[in-house]
Structure formats: structure tokens, C-alpha cells
Amino acid sequence: MKYTLLFLFMFLTSFHPVETKVYICGPTGAKKYHYNENCRGLTACRHVLTKVTLAQAQGYGLTLCGWED
């Protein structure tokens, strides 16, 4: 019984939540974030696409692209 509980505890604590990655146009100046790197809203991007976490993008004050609502 003791080993079962130990195994169960190790199994449940080994998972890390998956962070959602999003794309923004360039490191600065972006206003929107995109789930899809081929989003129609990124066609005018003249900078390098940057992949960041959703929490980072929202922390920058970015909102979801209107094409992906």
C-alpha cells in the first residue's frame, strides 16, 4: 500500500501544465498575438515572427488577432 501511494504521488506530480505558445510580429511594436503562424493577420509583418507563451503576450498587453476569434 505504501508503495502504491508513493508511486501515485510521483506520477501525479511529474506532469507540468503545457504552456500555450503564440506568435507575435517582432520583439516590439506588436499589437496582436496569433495562435497560427500562418494567420492572415501576419501577412503584413515585416519583422521576424517571435514565438512566446500566451501569458507573456497577454502580459505585453497584446490581444487576440481578429482573424482568429
# chains A, B, ... in the order shown; residues from 1 in each chain; ligands from 1
>>> residues_around(residues="stretch 43-52 of chain A", least_positions_apart="3", cutoff="9 Å", atoms="only C-alpha atoms", output="VMD selection string")
chain A and resid 20 to 27 37 to 40 55 to 57
>>> write_last_selection(atoms="C-alpha atoms", output="PDB file, in the first residue's frame")
ATOM      1  CA  THR A  20       0.262  27.624 -24.993  1.00  0.00           C
ATOM      2  CA  LYS A  21       2.636  29.201 -27.493  1.00  0.00           C
ATOM      3  CA  VAL A  22       1.549  32.094 -29.690  1.00  0.00           C
ATOM      4  CA  TYR A  23       3.193  34.169 -32.407  1.00  0.00           C
ATOM      5  CA  ILE A  24       3.824  37.901 -32.435  1.00  0.00           C
ATOM      6  CA  CYS A  25       5.294  40.105 -35.140  1.00  0.00           C
ATOM      7  CA  GLY A  26       8.721  41.219 -33.984  1.00  0.00           C
ATOM      8  CA  PRO A  27      10.010  41.643 -30.460  1.00  0.00           C
ATOM      9  CA  GLU A  37       1.965  31.155 -37.605  1.00  0.00           C
ATOM     10  CA  ASN A  38       0.206  31.225 -41.000  1.00  0.00           C
ATOM     11  CA  CYS A  39      -2.558  33.547 -39.785  1.00  0.00           C
ATOM     12  CA  ARG A  40      -3.891  36.006 -42.326  1.00  0.00           C
ATOM     13  CA  ALA A  55       0.914  34.570 -20.660  1.00  0.00           C
ATOM     14  CA  GLN A  56       3.843  36.651 -21.965  1.00  0.00           C
ATOM     15  CA  ALA A  57       1.802  38.003 -24.871  1.00  0.00           C
TER      16      ALA A  57
END
>>> select_by_dssp(residues="stretch 1-43 of chain A", states="strand (DSSP E or B)", output="PyMOL selection string")
chain A and resi 21-25+32-34
>>> select_by_dssp(residues="chain A", states="helix (DSSP H, G or I)", output="number ranges by chain")
A: 2-13, 40-42, 54-59, 66-68
>>> atom_distance(atom1="atom CA of A:Thr53", atom2="atom CA of A:Leu12")
23.8 Å
>>> residues_around(residues="A:Leu64", least_positions_apart="3", cutoff="7 Å", atoms="only C-alpha atoms", output="list in words")
Lys32, Tyr33 and His34 of chain A
>>> atom_distance(atom1="atom CA of A:Lys31", atom2="atom CA of A:Pro17")
26.4 Å
>>> atom_distance(atom1="atom CA of A:Glu68", atom2="atom CA of A:Thr28")
21.0 Å
